[in-house]
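K.L.:
Following this line is final-v5.csv, made up of CSV, C-alpha atoms:
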```csv
chain,number,residue,atom,x,y,z
X,1,MET,CA,-17.7,1.6,-26.4
X,2,THR,CA,-14.4,1.4,-24.4
X,3,SER,CA,-14.2,-0.7,-21.3
X,4,LYS,CA,-14.7,0.8,-17.8
X,5,LEU,CA,-11.0,0.0,-17.2
X,6,ASP,CA,-9.9,2.1,-20.2
X,7,GLN,CA,-12.3,4.9,-19.1
X,8,LEU,CA,-10.9,4.7,-15.6
X,9,ARG,CA,-7.4,5.0,-16.9
X,10,ALA,CA,-8.4,8.3,-18.6
X,11,MET,CA,-9.1,9.9,-15.2
X,12,THR,CA,-7.1,7.9,-12.6
X,13,THR,CA,-3.7,6.3,-12.5
X,14,VAL,CA,-4.3,2.6,-12.3
X,15,VAL,CA,-2.0,0.5,-10.1
X,16,ALA,CA,-1.9,-3.3,-9.8
X,17,ASP,CA,-2.2,-4.7,-6.3
X,18,THR,CA,-0.3,-7.9,-7.0
X,19,GLY,CA,3.0,-9.8,-7.4
X,20,ASP,CA,1.5,-11.8,-10.3
X,21,ILE,CA,4.0,-11.2,-13.1
X,22,GLU,CA,1.7,-12.6,-15.8
X,23,ALA,CA,-1.3,-10.5,-14.7
X,24,VAL,CA,0.9,-7.3,-14.6
X,25,ALA,CA,2.2,-8.0,-18.1
X,26,ARG,CA,-1.3,-8.6,-19.4
X,27,LEU,CA,-3.1,-5.7,-17.6
X,28,LYS,CA,-0.3,-3.1,-18.0
X,29,PRO,CA,-0.8,-1.0,-14.9
X,30,VAL,CA,1.3,2.1,-14.3
X,31,ASP,CA,2.6,1.1,-10.9
X,32,CYS,CA,2.6,-2.0,-8.7
X,33,THR,CA,2.1,-2.4,-5.0
X,34,THR,CA,3.4,-5.3,-2.9
X,35,ASN,CA,3.3,-6.4,0.8
X,36,PRO,CA,4.4,-9.6,2.6
X,37,THR,CA,1.2,-11.4,1.7
X,38,ILE,CA,1.7,-10.6,-2.0
X,39,VAL,CA,5.4,-11.5,-1.9
X,40,LEU,CA,4.7,-14.8,-0.2
X,41,LYS,CA,2.1,-15.7,-2.9
X,42,ALA,CA,4.5,-14.7,-5.7
X,43,LEU,CA,7.3,-16.8,-4.4
X,44,GLY,CA,5.0,-19.8,-4.4
X,45,THR,CA,4.8,-19.7,-8.2
X,46,PRO,CA,7.3,-21.4,-10.6
X,47,MET,CA,8.4,-18.0,-12.0
X,48,PHE,CA,10.4,-17.3,-8.9
X,49,ALA,CA,12.0,-20.7,-8.4
X,50,ASP,CA,15.4,-19.5,-9.7
X,51,ALA,CA,15.2,-16.4,-7.5
X,52,ILE,CA,14.7,-18.6,-4.5
X,53,LYS,CA,17.7,-20.7,-5.4
X,54,GLU,CA,19.9,-17.6,-6.0
X,55,ALA,CA,18.8,-16.0,-2.7
X,56,VAL,CA,19.4,-19.3,-0.7
X,57,ALA,CA,22.9,-19.6,-2.3
X,58,TRP,CA,23.6,-16.0,-1.4
X,59,GLY,CA,22.4,-16.6,2.2
X,60,LYS,CA,24.7,-19.6,2.7
X,61,LYS,CA,27.7,-17.4,2.1
X,62,HIS,CA,26.7,-15.0,4.9
X,63,GLY,CA,27.4,-15.5,8.6
X,64,GLY,CA,25.0,-15.1,11.4
X,65,THR,CA,22.3,-17.0,13.3
X,66,PRO,CA,19.8,-19.1,11.2
X,67,ASP,CA,17.1,-16.6,12.0
X,68,ALA,CA,19.2,-13.6,10.9
X,69,ILE,CA,20.2,-15.4,7.6
X,70,ALA,CA,16.6,-16.4,6.9
X,71,ALA,CA,15.5,-12.7,7.5
X,72,ALA,CA,18.2,-11.5,5.1
X,73,VAL,CA,17.3,-14.0,2.4
X,74,ALA,CA,13.6,-13.1,2.8
X,75,ASP,CA,14.5,-9.4,2.3
X,76,ARG,CA,16.5,-10.3,-0.8
X,77,LEU,CA,13.5,-12.2,-2.2
X,78,ALA,CA,11.1,-9.3,-1.6
X,79,ILE,CA,13.5,-7.2,-3.6
X,80,SER,CA,13.6,-9.9,-6.3
X,81,VAL,CA,9.8,-9.7,-6.6
X,82,GLY,CA,9.9,-5.9,-6.7
X,83,ALA,CA,12.7,-5.9,-9.3
X,84,ALA,CA,10.7,-8.3,-11.6
X,85,LEU,CA,7.7,-6.0,-11.3
X,86,SER,CA,9.7,-2.9,-12.0
X,87,GLY,CA,10.7,-4.4,-15.4
X,88,LEU,CA,7.1,-4.5,-16.4
X,89,VAL,CA,5.7,-1.2,-15.2
X,90,PRO,CA,6.7,2.3,-16.3
X,91,GLY,CA,6.2,3.8,-12.8
X,92,ARG,CA,6.8,2.8,-9.3
X,93,VAL,CA,6.9,-0.4,-7.2
X,94,SER,CA,6.0,-0.2,-3.5
X,95,THR,CA,8.1,-2.4,-1.2
X,96,GLU,CA,7.1,-2.7,2.5
X,97,VAL,CA,9.2,-2.1,5.6
X,98,ASP,CA,8.8,-5.0,8.0
X,99,ALA,CA,5.4,-4.8,9.9
X,100,ASP,CA,7.1,-5.6,13.2
X,101,LEU,CA,9.0,-2.3,12.9
X,102,SER,CA,5.7,-0.3,12.7
X,103,PHE,CA,6.3,1.3,16.1
X,104,ASN,CA,10.0,1.9,15.8
X,105,THR,CA,10.9,5.1,13.8
X,106,GLU,CA,14.7,4.7,13.7
X,107,ALA,CA,14.5,1.0,12.7
X,108,SER,CA,12.0,1.8,10.0
X,109,ILE,CA,14.3,4.5,8.6
X,110,ALA,CA,17.2,2.1,8.6
X,111,LYS,CA,15.2,-0.6,6.9
X,112,ALA,CA,13.9,1.8,4.2
X,113,ARG,CA,17.5,2.9,3.4
X,114,ALA,CA,18.6,-0.7,3.1
X,115,ILE,CA,15.7,-1.4,0.7
X,116,ILE,CA,16.7,1.5,-1.5
X,117,ALA,CA,20.3,0.4,-1.4
X,118,ALA,CA,19.3,-3.2,-2.4
X,119,TYR,CA,17.4,-2.0,-5.4
X,120,LYS,CA,20.3,0.3,-6.4
X,121,GLU,CA,22.6,-2.8,-6.4
X,122,ARG,CA,20.3,-4.2,-9.2
X,123,GLY,CA,20.4,-1.0,-11.1
X,124,ILE,CA,17.0,0.3,-10.0
X,125,GLU,CA,17.0,3.9,-8.7
X,126,ARG,CA,15.0,5.3,-5.9
X,127,ASP,CA,12.7,7.2,-8.2
X,128,ARG,CA,11.2,3.8,-9.3
X,129,ILE,CA,10.5,2.7,-5.7
X,130,LEU,CA,8.0,3.7,-3.0
X,131,ILE,CA,8.7,2.7,0.6
X,132,LYS,CA,5.6,1.3,2.3
X,133,LEU,CA,5.2,2.1,6.0
X,134,ALA,CA,2.2,1.5,8.3
X,135,SER,CA,0.4,4.7,9.1
X,136,THR,CA,1.3,4.7,12.8
X,137,TRP,CA,2.6,7.8,14.4
X,138,GLU,CA,6.1,6.3,14.3
X,139,GLY,CA,5.7,5.2,10.7
X,140,ILE,CA,4.7,8.7,9.7
X,141,ARG,CA,7.7,10.2,11.5
X,142,ALA,CA,10.0,7.8,9.6
X,143,ALA,CA,8.4,8.8,6.4
X,144,GLU,CA,9.0,12.5,7.2
X,145,VAL,CA,12.7,11.8,7.5
X,146,LEU,CA,12.9,9.7,4.4
X,147,GLN,CA,11.0,12.2,2.3
X,148,LYS,CA,13.6,14.9,3.2
X,149,GLU,CA,16.2,12.4,1.9
X,150,GLY,CA,14.5,12.1,-1.4
X,151,ILE,CA,13.0,8.6,-0.6
X,152,ASP,CA,9.3,8.7,-1.5
X,153,CYS,CA,6.9,6.8,0.8
X,154,ASN,CA,3.6,5.1,0.5
X,155,LEU,CA,1.8,5.2,3.9
X,156,THR,CA,-0.4,2.1,4.1
X,157,LEU,CA,-3.0,0.7,6.5
X,158,LEU,CA,-4.7,4.1,6.5
X,159,PHE,CA,-8.2,4.2,7.9
X,160,SER,CA,-8.9,7.7,9.2
X,161,LYS,CA,-8.6,11.4,8.5
X,162,ALA,CA,-6.3,11.7,11.5
X,163,GLN,CA,-3.8,9.4,9.7
X,164,ALA,CA,-4.3,11.2,6.4
X,165,ILE,CA,-3.7,14.7,8.0
X,166,ALA,CA,-0.6,13.6,9.8
X,167,CYS,CA,0.7,12.1,6.6
X,168,ALA,CA,0.1,15.4,4.7
X,169,ASP,CA,1.8,17.4,7.4
X,170,ALA,CA,4.8,15.0,7.0
X,171,LYS,CA,4.8,15.7,3.3
X,172,VAL,CA,4.4,12.1,2.5
X,173,PHE,CA,4.4,11.3,-1.3
X,174,LEU,CA,1.4,9.0,-1.3
X,175,ILE,CA,-1.2,7.5,1.1
X,176,SER,CA,-3.2,4.2,0.6
X,177,PRO,CA,-6.6,4.5,2.4
X,178,PHE,CA,-8.1,1.0,2.7
X,179,VAL,CA,-11.6,1.1,1.4
X,180,GLY,CA,-12.7,-2.6,1.7
X,181,ARG,CA,-11.4,-3.1,5.1
X,182,ILE,CA,-13.3,-0.2,6.4
X,183,LEU,CA,-16.4,-1.7,4.8
X,184,ASP,CA,-15.7,-5.0,6.4
X,185,TRP,CA,-15.6,-3.5,9.9
X,186,TYR,CA,-18.9,-1.6,9.4
X,187,LYS,CA,-20.7,-4.6,7.9
X,188,LYS,CA,-19.6,-6.7,10.9
X,189,SER,CA,-20.4,-4.1,13.5
X,190,THR,CA,-23.8,-3.1,12.1
X,191,GLY,CA,-25.0,-6.2,10.3
X,192,LYS,CA,-25.9,-4.0,7.4
X,193,GLU,CA,-25.2,-4.1,3.7
X,194,PHE,CA,-24.1,-0.9,1.9
X,195,THR,CA,-24.4,0.3,-1.6
X,196,PRO,CA,-21.2,1.8,-3.2
X,197,GLU,CA,-22.6,5.3,-2.5
X,198,GLU,CA,-23.2,4.4,1.2
X,199,ASP,CA,-20.0,2.5,1.6
X,200,PRO,CA,-18.1,3.9,4.6
X,201,GLY,CA,-14.8,3.2,3.0
X,202,VAL,CA,-15.8,5.1,-0.2
X,203,ILE,CA,-17.0,8.0,1.9
X,204,SER,CA,-13.8,8.0,3.9
X,205,VAL,CA,-11.6,8.3,0.8
X,206,ARG,CA,-13.9,11.0,-0.7
X,207,GLU,CA,-13.5,13.0,2.5
X,208,ILE,CA,-9.7,12.7,2.5
X,209,TYR,CA,-9.5,13.5,-1.2
X,210,ASN,CA,-11.6,16.6,-0.7
X,211,TYR,CA,-9.6,17.7,2.4
X,212,TYR,CA,-6.4,17.4,0.4
X,213,LYS,CA,-7.6,19.3,-2.7
X,214,ALA,CA,-9.3,22.0,-0.6
X,215,ASN,CA,-6.1,22.7,1.2
X,216,ASP,CA,-3.8,22.3,-1.8
X,217,ILE,CA,-2.1,19.3,-0.3
X,218,LYS,CA,0.2,17.6,-2.8
X,219,THR,CA,0.2,14.1,-1.2
X,220,ILE,CA,-1.3,11.6,-3.6
X,221,VAL,CA,-4.5,9.7,-2.6
X,222,MET,CA,-4.4,6.1,-3.8
X,223,GLY,CA,-7.5,4.1,-2.8
X,224,ALA,CA,-6.8,0.5,-1.9
X,225,SER,CA,-8.3,-2.8,-0.6
X,226,PHE,CA,-11.4,-3.0,-2.8
X,227,ARG,CA,-14.1,-5.6,-2.3
X,228,SER,CA,-16.1,-4.9,-5.5
X,229,ALA,CA,-15.9,-3.1,-8.8
X,230,GLY,CA,-18.7,-0.8,-7.5
X,231,GLU,CA,-16.3,0.6,-4.9
X,232,ILE,CA,-13.8,1.4,-7.6
X,233,GLU,CA,-16.4,3.1,-9.8
X,234,ALA,CA,-17.5,5.2,-6.8
X,235,LEU,CA,-14.0,6.6,-6.6
X,236,ALA,CA,-13.4,7.1,-10.3
X,237,GLY,CA,-11.2,10.2,-10.7
X,238,CYS,CA,-9.2,9.6,-7.5
X,239,ASP,CA,-5.5,10.3,-8.0
X,240,ARG,CA,-4.6,6.6,-8.1
X,241,LEU,CA,-6.4,3.4,-7.3
X,242,THR,CA,-4.6,0.1,-6.6
X,243,ILE,CA,-6.7,-2.8,-7.8
X,244,SER,CA,-6.4,-6.6,-7.8
X,245,PRO,CA,-6.1,-8.5,-11.1
X,246,ALA,CA,-9.6,-10.0,-10.6
X,247,LEU,CA,-11.2,-6.6,-10.4
X,248,LEU,CA,-9.1,-5.2,-13.2
X,249,ASP,CA,-10.3,-8.1,-15.4
X,250,GLU,CA,-13.9,-7.4,-14.4
X,251,LEU,CA,-13.6,-3.7,-15.3
X,252,SER,CA,-11.9,-4.6,-18.6
X,253,LYS,CA,-14.9,-6.7,-19.6
X,254,ASP,CA,-17.5,-4.1,-18.7
X,255,GLU,CA,-18.3,-1.7,-21.5
X,256,GLY,CA,-20.8,0.4,-19.6
X,257,LYS,CA,-20.4,4.1,-19.0
X,258,LEU,CA,-18.1,5.1,-16.1
X,259,GLU,CA,-19.0,8.4,-14.5
X,260,ARG,CA,-16.3,10.5,-12.9
X,261,LYS,CA,-17.0,10.9,-9.1
X,262,LEU,CA,-13.9,12.8,-7.9
X,263,SER,CA,-12.3,15.8,-9.4
X,264,PRO,CA,-10.1,18.6,-8.0
X,265,GLU,CA,-12.4,21.1,-9.6
X,266,ASN,CA,-15.3,19.9,-7.5
X,267,LYS,CA,-13.7,20.3,-4.1
X,268,THR,CA,-15.6,22.0,-1.3
X,269,SER,CA,-14.0,24.2,1.3
X,270,VAL,CA,-12.9,22.6,4.5
X,271,ALA,CA,-10.8,24.1,7.3
X,272,LYS,CA,-7.3,22.7,7.8
X,273,ILE,CA,-6.8,20.8,11.1
X,274,ALA,CA,-3.7,20.8,13.2
X,275,VAL,CA,-2.6,17.3,14.3
X,276,ASP,CA,0.2,16.9,16.7
X,277,GLU,CA,1.1,13.6,18.4
X,278,LYS,CA,-1.4,14.1,21.3
X,279,THR,CA,-4.2,15.0,18.9
X,280,PHE,CA,-3.4,12.1,16.6
X,281,ARG,CA,-3.4,9.5,19.4
X,282,TRP,CA,-6.7,10.9,20.8
X,283,MET,CA,-8.4,11.0,17.4
X,284,MET,CA,-7.3,7.4,16.8
X,285,ASN,CA,-8.5,6.4,20.3
X,286,GLU,CA,-11.9,7.8,19.5
X,287,ASP,CA,-12.1,5.9,16.2
X,288,ALA,CA,-12.6,2.2,17.1
X,289,MET,CA,-12.7,1.2,13.4
X,290,ALA,CA,-9.3,2.8,12.6
X,291,THR,CA,-7.7,1.6,15.8
X,292,GLU,CA,-8.8,-2.0,15.3
X,293,LYS,CA,-8.1,-2.2,11.6
X,294,LEU,CA,-4.7,-0.7,11.9
X,295,ALA,CA,-3.7,-3.2,14.6
X,296,GLU,CA,-5.3,-6.1,12.7
X,297,GLY,CA,-3.4,-5.1,9.5
X,298,ILE,CA,-0.1,-4.9,11.2
X,299,ARG,CA,-0.6,-8.3,12.8
X,300,ALA,CA,-1.6,-9.8,9.5
X,301,PHE,CA,1.4,-8.5,7.6
X,302,ALA,CA,3.7,-9.5,10.5
X,303,LYS,CA,2.2,-13.0,10.4
X,304,ASP,CA,2.9,-13.3,6.6
X,305,LEU,CA,6.4,-12.0,7.2
X,306,VAL,CA,7.0,-14.8,9.7
X,307,ALA,CA,5.6,-17.3,7.2
X,308,LEU,CA,8.0,-15.9,4.5
X,309,ARG,CA,11.0,-16.2,6.8
X,310,THR,CA,9.9,-19.7,7.9
X,311,MET,CA,9.7,-20.8,4.2
X,312,VAL,CA,13.1,-19.4,3.6
X,313,GLY,CA,14.5,-21.2,6.7
X,314,LYS,CA,13.2,-24.5,5.3
X,315,GLU,CA,14.9,-23.8,2.0
X,316,LEU,CA,18.1,-23.0,3.7
X,317,GLN,CA,17.9,-26.3,5.7
X,318,LEU,CA,17.3,-28.3,2.5
X,319,ALA,CA,20.3,-26.6,0.8
X,320,ALA,CA,22.5,-27.5,3.8
X,321,ALA,CA,21.5,-31.1,3.9
```
Using structure tokens, write down the structure that the file contains.
P.N.:
Amino acid sequence: MTSKLDQLRAMTTVVADTGDIEAVARLKPVDCTTNPTIVLKALGTPMFADAIKEAVAWGKKHGGTPDAIAAAVADRLAISVGAALSGLVPGRVSTEVDADLSFNTEASIAKARAIIAAYKERGIERDRILIKLASTWEGIRAAEVLQKEGIDCNLTLLFSKAQAIACADAKVFLISPFVGRILDWYKKSTGKEFTPEEDPGVISVREIYNYYKANDIKTIVMGASFRSAGEIEALAGCDRLTISPALLDELSKDEGKLERKLSPENKTSVAKIAVDEKTFRWMMNEDAMATEKLAEGIRAFAKDLVALRTMVGKELQLAAA
């Protein structure tokens, strides 16, 4: 009997949610996703010691305030992590626009273009990269512009159908609905436990997937933020799933039968919904979970971005001593 991971790969594109080079080499996912938390963790490993030295030396040659230099070096290191991952996977690597730009469309566009240019300097073309943006109204508008320029985007921190519909209307390449974080909110607010079939995060992704397939929307649905292998199994057949190394390992050791849960052929008819800015903001306002988890996620990524820049600042000070 083949493992559940191999069975999953036969029906879903498997993506690794990690910056762990050894895990990626061992588990062989098609794509990799990163964020400030993952980049910070990767840079804490010996594997990136030389990259830190190189980036610090590069930063010392550039003028500007200490904060500006630290930010530039942090950006360079994020690209270093992404470049290392791109050498291990045949598909795409997602690299995130700064969380503190989540409500600034023009700044997000400029940052995305800079990320693509930085990868190109290392010989990595845009068709190997996905630009990650928070699924705010401003982030979705930035993605709309970038998609027209041929820069594919991954809209992250997605918790609601309103966000998913707005992303589809913007012709976003891929969305990352967060399964586990939705479950976290409902467990905390209700005090209940949920089976995978009852899981509000699983149900949310299934509804979005069905909406897209029923309306012939080409945007890829990539479930993310899993708390258990059960959640993953409940979404078997989804376009893509981005999974942590621990859960990939668990699935690779399980030789039970994996049943396909999602398929384009099993879609049910659902009317298309028009979502302009007013409708989007009202739908988000009425969805306490989505509003709270989006804000919380942006704050968390921004905090890790500050931690990354602080780490870089210390390295720059040591190099100058």
K.L.:
Would you write out, as CSV, a table of all residues in stretch 126-199 of chain X that have an atom no more than 10 Å from an atom of stretch 298-309 of chain X, listing for each the closest atom pair and the distance in Å to one decimal, considering all atoms listed in the file and ordering rows by chain and rising residue number?
P.N.:
```
residue,atom,partner,partner_atom,distance
X:Ala134,CA,X:Ile298,CA,7.4
X:Ser135,CA,X:Ile298,CA,9.8
X:Thr136,CA,X:Ile298,CA,9.8
X:Thr156,CA,X:Ile298,CA,10.0
X:Leu157,CA,X:Ile298,CA,7.9
```
K.L.:
Closest to X:Arg92 among X:Glu292, X:Glu250, X:Glu277, X:Asp152, using all atoms listed in the file?
P.N.:
X:Asp152
K.L.:
May I ask which of the residues X:Trp282, X:Tyr119, X:Phe173, X:Trp185 is the closest one to X:Val221, counting all atoms listed in the file?
P.N.:
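Checking each of X:Trp282, X:Tyr119, X:Phe173, X:Trp185 against X:Val221, counting all atoms listed in the file, the winner is X:Phe173.
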K.L.:
Applying 12 Å and only C-alpha atoms, which residues near X:Met283 remain after dropping the ones on its own chain fewer than 2 positions away? List them as an MDAnalysis selection string.
P.N.:
chainID X and resid 137 159:166 273:281 285:291
K.L.:
Measuring atom to atom with only C-alpha atoms, identify which of X:Asp75, X:Asp216, X:Glu125, X:Asp199 is nearest to X:Ser228.
P.N.:
X:Asp199
K.L.:
Which residues, written as a PyMOL selection string, have at least one atom at most 9 Å from X:Leu183, with only C-alpha atoms counted and residues fewer than 6 positions away on the same chain left out?
P.N.:
chain X and resi 194+199-202+227
K.L.:
Rank X:Glu259, X:Glu315, X:Asp20, X:Glu296 by their smallest atom-to-atom distance to X:Leu8, using all atoms listed in the file, and report the top residue only.
P.N.:
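Ranked by minimum distance to X:Leu8, first place goes to X:Glu259.
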K.L.:
Output as a tab-separated table one row per residue of stretch 13-70 of chain X within 9 Å of stretch 232-248 of chain X: the closest atom pair and its distance in Å to one decimal place, counting all atoms listed in the file, sorted by chain and residue number ascending.
P.N.:
```
residue	atom	partner	partner_atom	distance
X:Thr13	CA	X:Arg240	CA	4.5
X:Val14	CA	X:Leu241	CA	5.5
X:Val15	CA	X:Thr242	CA	4.4
X:Ala16	CA	X:Ile243	CA	5.2
X:Asp17	CA	X:Ser244	CA	4.8
X:Thr18	CA	X:Ser244	CA	6.3
X:Asp20	CA	X:Pro245	CA	8.3
X:Ala23	CA	X:Pro245	CA	6.3
X:Val24	CA	X:Pro245	CA	7.9
X:Leu27	CA	X:Leu248	CA	7.5
X:Asp31	CA	X:Thr242	CA	8.4
X:Cys32	CA	X:Thr242	CA	7.8
X:Thr33	CA	X:Thr242	CA	7.3
```
K.L.:
May I have the residues within 12 Å of X:Ala70 as a list in words, using all atoms listed in the file and disregarding those fewer than 5 positions away in the same chain?
P.N.:
Ile52, Ala55, Val56, Ala57, Trp58, Gly59, Lys60, His62, Gly63, Gly64, Thr65, Asp75, Arg76, Leu77, Leu305, Val306, Ala307, Leu308, Arg309, Thr310, Met311, Val312, Gly313, Lys314, Glu315, Leu316 and Gln317 of chain X
K.L.:
List the spatial neighbours of X:Lys132 as a ChimeraX atom specification - criterion: any atom at most 12 Å away, all atoms listed in the file, same-chain residues fewer than 2 positions off excluded.
P.N.:
/X:32-36,92-99,101-102,108-109,111-112,115-116,129-130,134-136,139-140,142-143,146,151-158,172-176,301
